[in-house]
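As structure tokens, the structure follows; a few thoughts come after it.
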Amino acid sequence: MRIFIGEFACETNTFAAAPTGWAGFEQHGLYRGDASAKAPLGTGAYLRFMRQTMEADGHEVVEGLCAFAEPGGPIVRTVYETLRDQLLEDLRKALPVAAVQLLLHGAMVAEGHEDCEGELLQAVRVIVGPGIPVGVVLDLHCHFTPAMQAAADVCIAFKSYPHTDIDDCSREVYGLLVDTAAARVRPVTAARDCAMVGLWHTTREPMQGFVRRMKSLEGVDGVLSVSLGHGFPWGDVAEAGARVWVLTDNDPGRAQALADQLAAEFWALRERIGAPVVDVDAALDALTAFPQGPVVWADVADNPGAGASGDSTFILRRLVDRPVGPTIVGAFWDLGAVRICADAGVGARIDLRVGGKCGPQSGDPVDLRVTVRSVVDDHSQVMLGARCSLGRSVWVEAAHGLHLVLVSVRSQVCGTDAYTGLGLTLDDKRLIVVKSMQHFHTAFAPLARAIAYVSTAGAVNPDFAAIPYRVRNLDYWPRQAHPRAASAWVKPPEAAR
């Protein structure tokens with residue numbers, strides 16, 4: 001078989017102040033057919049994995065566009081349209097193909113384009129026609145739209161958060177595409193809106209049990225795959241929110257019945273599956289129970305992985321006011337501070353203004369007297385199985401053992417090497433603060449005595465009932481106790497009495 005593969009991914013926070021332009025994609029690398037060779041451990045890791053897997057089975061692989069940007073504000077219209085058209089041009093040049101497999105995010109929004117993935121997949125379908133199977137691997141924080149469902153034969157979302165199962169899901173989509181092309185299966189998809197907006201970690205129960213439940217249904221009674229799209233809460237689009245979808249082998253009734261059943265089961269867990277979030281002072285008070293560290297805090301409201309700027313100072317300010325001993329905070333996206341420290345050189349003692357550059361959601365800058373401990377011109381970290389650049393980065397130390405990491409490429413902290421790669425040690429710290437929401441968990445949980453998810457006034461508001469949606473309707477839990485969208489399984493208050 002001749003199979004076309006490509007990648008076009010960005011998660012869009014429609015409330016973020018700064019748009020996503022060319023630089024957002026270029027800093028991770030833009031590739032037209034050679035990402036798997038030129039960036040096999042970085043941006044091209046997914047395409048490298050799929051190429052190796054498919055070629056090992058004797059298939060011919062044609063690789064198209066690879067474009068990825070860190071989550072941010074809506075993509076500039078001309079940037080999105082240019083990249084979209086490049087991917088479609090690559091597909092046209094690859095014809096004839098027996099199948100198409102793409103890695104998309106599912107929550108990409110551009111100026112004038114609310115459902116980028118749905119639009120892209122519709123165009124792919126026009127190019128290849130109705131008889132060629134099209135498969136998509138989606139981030140679990142996708143908005144699963146009717147356009148995506150109608151245009152693709154196979155859509156499968158990651159099941160794990162952190163996303164530790166990207167290769168597994170990619171292999172699953174590939175297997176179903178091959179079976180579809182060979183007429184061994186005929187995938188049909190049914191979906192159900194769960195009437196919920198939130199953030200759900202799969203590293204704790206009962207979400208772990210729900211993931212096991214989904215997996216247990218696959219391969220039984222004609223069920224090919226089960227996905228739960230958590231949705232991306234900070235994407236203001238019509239389909240924002242959680243959705244379950246089920247693929248069966250030509251059994252739409254079974255698919256819909258199971259999607260409805262799983263949506264009801266997920267709804268029943270709603271009070272127990274949310275991420276526990278505390279404010280800064282409550283987290284500081286809780287530190288008294290851990291005189292020896294390290295304790296890890298996630299600065300969830302300033303998570304660049306959800307579109308925040310990565311330069312908020314709310315937690316830093318409180319740690320200056322209430323020092324707790326050896327502490328690391330990072331990674332601050334602060335180009336000016338990085339340049340000043342690099343110019344001053346390792347060992348320099350300088351007055352430095354940190355953070356608070358990108359607007360009210362970043363807080364006010366913090367002025368510190370610091371010592372420059374390390375400067376690395378091409379720093380990087382491991383993120384979701386790939387190595388990702390942090391650009392020129394520095395480590396500075398302030399009073400009371402307060403250590404800050406400053407980077408030139410905006411990114412959430414995923415790997416411990418974001419810190420250790422600059423020379424920092426971790427096991428002797430009482431507190432480690434990561435500007436991340438959950439992807440840090442795989443690397444940091446093994447060394448943490450405790451983990452706290454800490455909320456501030458940053459750009460990623462974890463109060464899901466108060467997100468100021470204008471496009472998405474407000475009929476969802478937790479904004480509504482009994483949303484109409486859940487009427488299939490929720491009894492109204494008067495009926496319950």
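Chain labels follow the order of the structure tokens: the first chain is A, the next B, and so on; residue numbering restarts at 1 in every chain, and ligands are counted from 1 in their shown order.
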Can you pull out every residue from region 34-102 of chain A that DSSP, working from the backbone, puts in strand (DSSP E), and format the result as a compact mmCIF listing (two decimals) with N, CA and C atoms, in the first residue's frame?
# COMPACT_ATOMS: atom_id res chain seq x y z
N GLU A 60 4.65 1.56 1.21
CA GLU A 60 5.34 2.75 0.71
C GLU A 60 4.76 3.97 1.41
N VAL A 61 5.62 4.82 1.96
CA VAL A 61 5.17 5.98 2.73
C VAL A 61 5.53 7.25 1.98
N VAL A 62 4.55 8.13 1.84
CA VAL A 62 4.78 9.47 1.29
C VAL A 62 4.51 10.45 2.42
N GLU A 63 5.52 11.21 2.77
CA GLU A 63 5.44 12.11 3.93
C GLU A 63 5.20 13.53 3.45
N GLY A 64 4.20 14.18 4.06
CA GLY A 64 3.89 15.56 3.72
C GLY A 64 4.30 16.54 4.81
N LEU A 65 3.59 17.63 4.87
CA LEU A 65 3.89 18.72 5.80
C LEU A 65 3.97 18.24 7.25
N CYS A 66 4.92 18.80 7.99
CA CYS A 66 4.98 18.65 9.44
C CYS A 66 5.07 20.04 10.02
N ALA A 67 4.03 20.45 10.75
CA ALA A 67 3.98 21.79 11.33
C ALA A 67 3.38 21.70 12.73
N PHE A 68 4.11 22.23 13.71
CA PHE A 68 3.65 22.21 15.10
C PHE A 68 4.00 23.55 15.74
N ALA A 99 -4.31 5.11 1.45
CA ALA A 99 -4.80 5.56 2.76
C ALA A 99 -4.08 6.85 3.14
N VAL A 100 -4.70 7.60 4.06
CA VAL A 100 -4.13 8.84 4.58
C VAL A 100 -4.18 8.77 6.10
N GLN A 101 -3.05 9.05 6.76
CA GLN A 101 -3.03 9.12 8.22
C GLN A 101 -2.38 10.44 8.64
N LEU A 102 -3.11 11.20 9.46
CA LEU A 102 -2.64 12.51 9.91
C LEU A 102 -2.62 12.58 11.43
Practice item. State, in Å with one decimal place, the distance from CA of Thr78 (chain A) to CA of His230 (chain A). Key: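 Calculated distance between CA of Thr78 (chain A) and CA of His230 (chain A) is 28.9 Å.
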**Study point:** Residue with smallest distance to Val277 (chain A) - pool A:Val136, A:Ala452, A:Leu447, A:Ala289, counting only C-alpha atoms
**Key:**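 Looking at the shortest contact to Val277 (chain A), the residue is A:Ala452.
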Exercise for review: Please provide as a ChimeraX atom specification all residues within 7 Å of Val173 (chain A), with the sequence filter that same-chain residues fewer than 5 positions apart are discarded (counting only C-alpha atoms).
Suggested key: /A:135-137,154,156
Filtering to N, CA and C atoms, could you give me those residues as a PDB file, in the first residue's frame?
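out.pdb, freshly written:
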ATOM      1  N   GLY A 135      -7.516   8.418   8.217  1.00  0.00           N
ATOM      2  CA  GLY A 135      -7.428   8.226   9.661  1.00  0.00           C
ATOM      3  C   GLY A 135      -6.740   9.394  10.334  1.00  0.00           C
ATOM      4  N   VAL A 136      -7.165   9.686  11.556  1.00  0.00           N
ATOM      5  CA  VAL A 136      -6.648  10.841  12.288  1.00  0.00           C
ATOM      6  C   VAL A 136      -6.352  10.436  13.724  1.00  0.00           C
ATOM      7  N   VAL A 137      -5.178  10.843  14.198  1.00  0.00           N
ATOM      8  CA  VAL A 137      -4.833  10.739  15.610  1.00  0.00           C
ATOM      9  C   VAL A 137      -5.038  12.119  16.215  1.00  0.00           C
ATOM     10  N   VAL A 154     -11.599   6.994  10.422  1.00  0.00           N
ATOM     11  CA  VAL A 154     -11.092   6.588  11.733  1.00  0.00           C
ATOM     12  C   VAL A 154     -10.548   7.813  12.455  1.00  0.00           C
ATOM     13  N   ILE A 156      -9.199   8.642  16.369  1.00  0.00           N
ATOM     14  CA  ILE A 156      -8.901   8.070  17.684  1.00  0.00           C
ATOM     15  C   ILE A 156      -8.114   9.097  18.493  1.00  0.00           C
TER      16      ILE A 156
END
Exercise for review: Just the residues within 6 Å of Ser362 (chain A), please, counting only C-alpha atoms, with nothing from its chain fewer than 2 positions along; format it as a VMD selection string.
Suggested key: chain A and resid 311 to 312 356 358 to 360
Review point. Quick one: residues within 12 Å of Glu114 (chain A), only C-alpha atoms counted, chain neighbours fewer than 6 positions away excluded, as a ChimeraX atom specification?
Key: /A:12-14,74-75,77,80,106-108,120,143,145,147,235-240,471-472
Review point. Could you pull the residues within 7 Å of Met148 (chain A), counting only C-alpha atoms, minus those fewer than 6 positions along the same chain, as an MDAnalysis selection string?
Key: chainID A and resid 117:118 121
Residues as selected, C-alpha atoms, written as a PDB file, in the first residue's frame, can you do that?
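File written: selection21.pdb
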ATOM      1  CA  GLU A 117      -9.301  20.221  11.602  1.00  0.00           C
ATOM      2  CA  GLY A 118     -12.830  19.637  10.351  1.00  0.00           C
ATOM      3  CA  LEU A 121     -10.338  16.823   6.727  1.00  0.00           C
TER       4      LEU A 121
END
Exercise for review: To one decimal in Å, tell me the separation between CA of Ile328 (chain A) and CA of Phe444 (chain A).
Suggested key: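 Result for CA of Ile328 (chain A) versus CA of Phe444 (chain A): 13.0 Å, one decimal.
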Check your understanding: So which bits of region 277-408 of chain A end up alpha helix (DSSP H) when you DSSP the backbone, as a PyMOL selection string?
Key -> chain A and resi 280-286+314-321+335-344
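The residue that comes closest to Glu397 (chain A), out of A:Asp351, A:Asp279, A:Glu7, A:Glu89 and on the basis of only C-alpha atoms, is A:Asp351.
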Practice item. Would you list the contacts of Gly347 (chain A) as an MDAnalysis selection string, taking every protein, DNA or RNA residue within 9 Å and counting only C-alpha atoms, but skipping same-chain residues closer than 3 positions in sequence? Key: chainID A and resid 344 371:374
I need the chosen residues saved as a PDB file, in the first residue's frame, with N, CA and C atoms.
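File part14.pdb, as written:
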ATOM      1  N   ALA A 344      25.774  39.409  30.962  1.00  0.00           N
ATOM      2  CA  ALA A 344      26.519  39.607  32.212  1.00  0.00           C
ATOM      3  C   ALA A 344      27.480  38.460  32.468  1.00  0.00           C
ATOM      4  N   THR A 371      22.280  36.100  41.202  1.00  0.00           N
ATOM      5  CA  THR A 371      23.571  35.641  40.700  1.00  0.00           C
ATOM      6  C   THR A 371      23.323  34.711  39.522  1.00  0.00           C
ATOM      7  N   VAL A 372      23.989  34.967  38.427  1.00  0.00           N
ATOM      8  CA  VAL A 372      23.843  34.120  37.247  1.00  0.00           C
ATOM      9  C   VAL A 372      24.651  32.847  37.474  1.00  0.00           C
ATOM     10  N   ARG A 373      23.976  31.714  37.513  1.00  0.00           N
ATOM     11  CA  ARG A 373      24.636  30.442  37.789  1.00  0.00           C
ATOM     12  C   ARG A 373      24.973  29.646  36.529  1.00  0.00           C
ATOM     13  N   SER A 374      24.161  29.802  35.482  1.00  0.00           N
ATOM     14  CA  SER A 374      24.391  28.998  34.283  1.00  0.00           C
ATOM     15  C   SER A 374      23.752  29.670  33.075  1.00  0.00           C
TER      16      SER A 374
END
Revision key, fill the gap. Judged by only C-alpha atoms, the minimum distance to Gln412 (chain A) among A:Asp463, A:Asp115, A:Asp299, A:Asp321 is found for A:Asp299
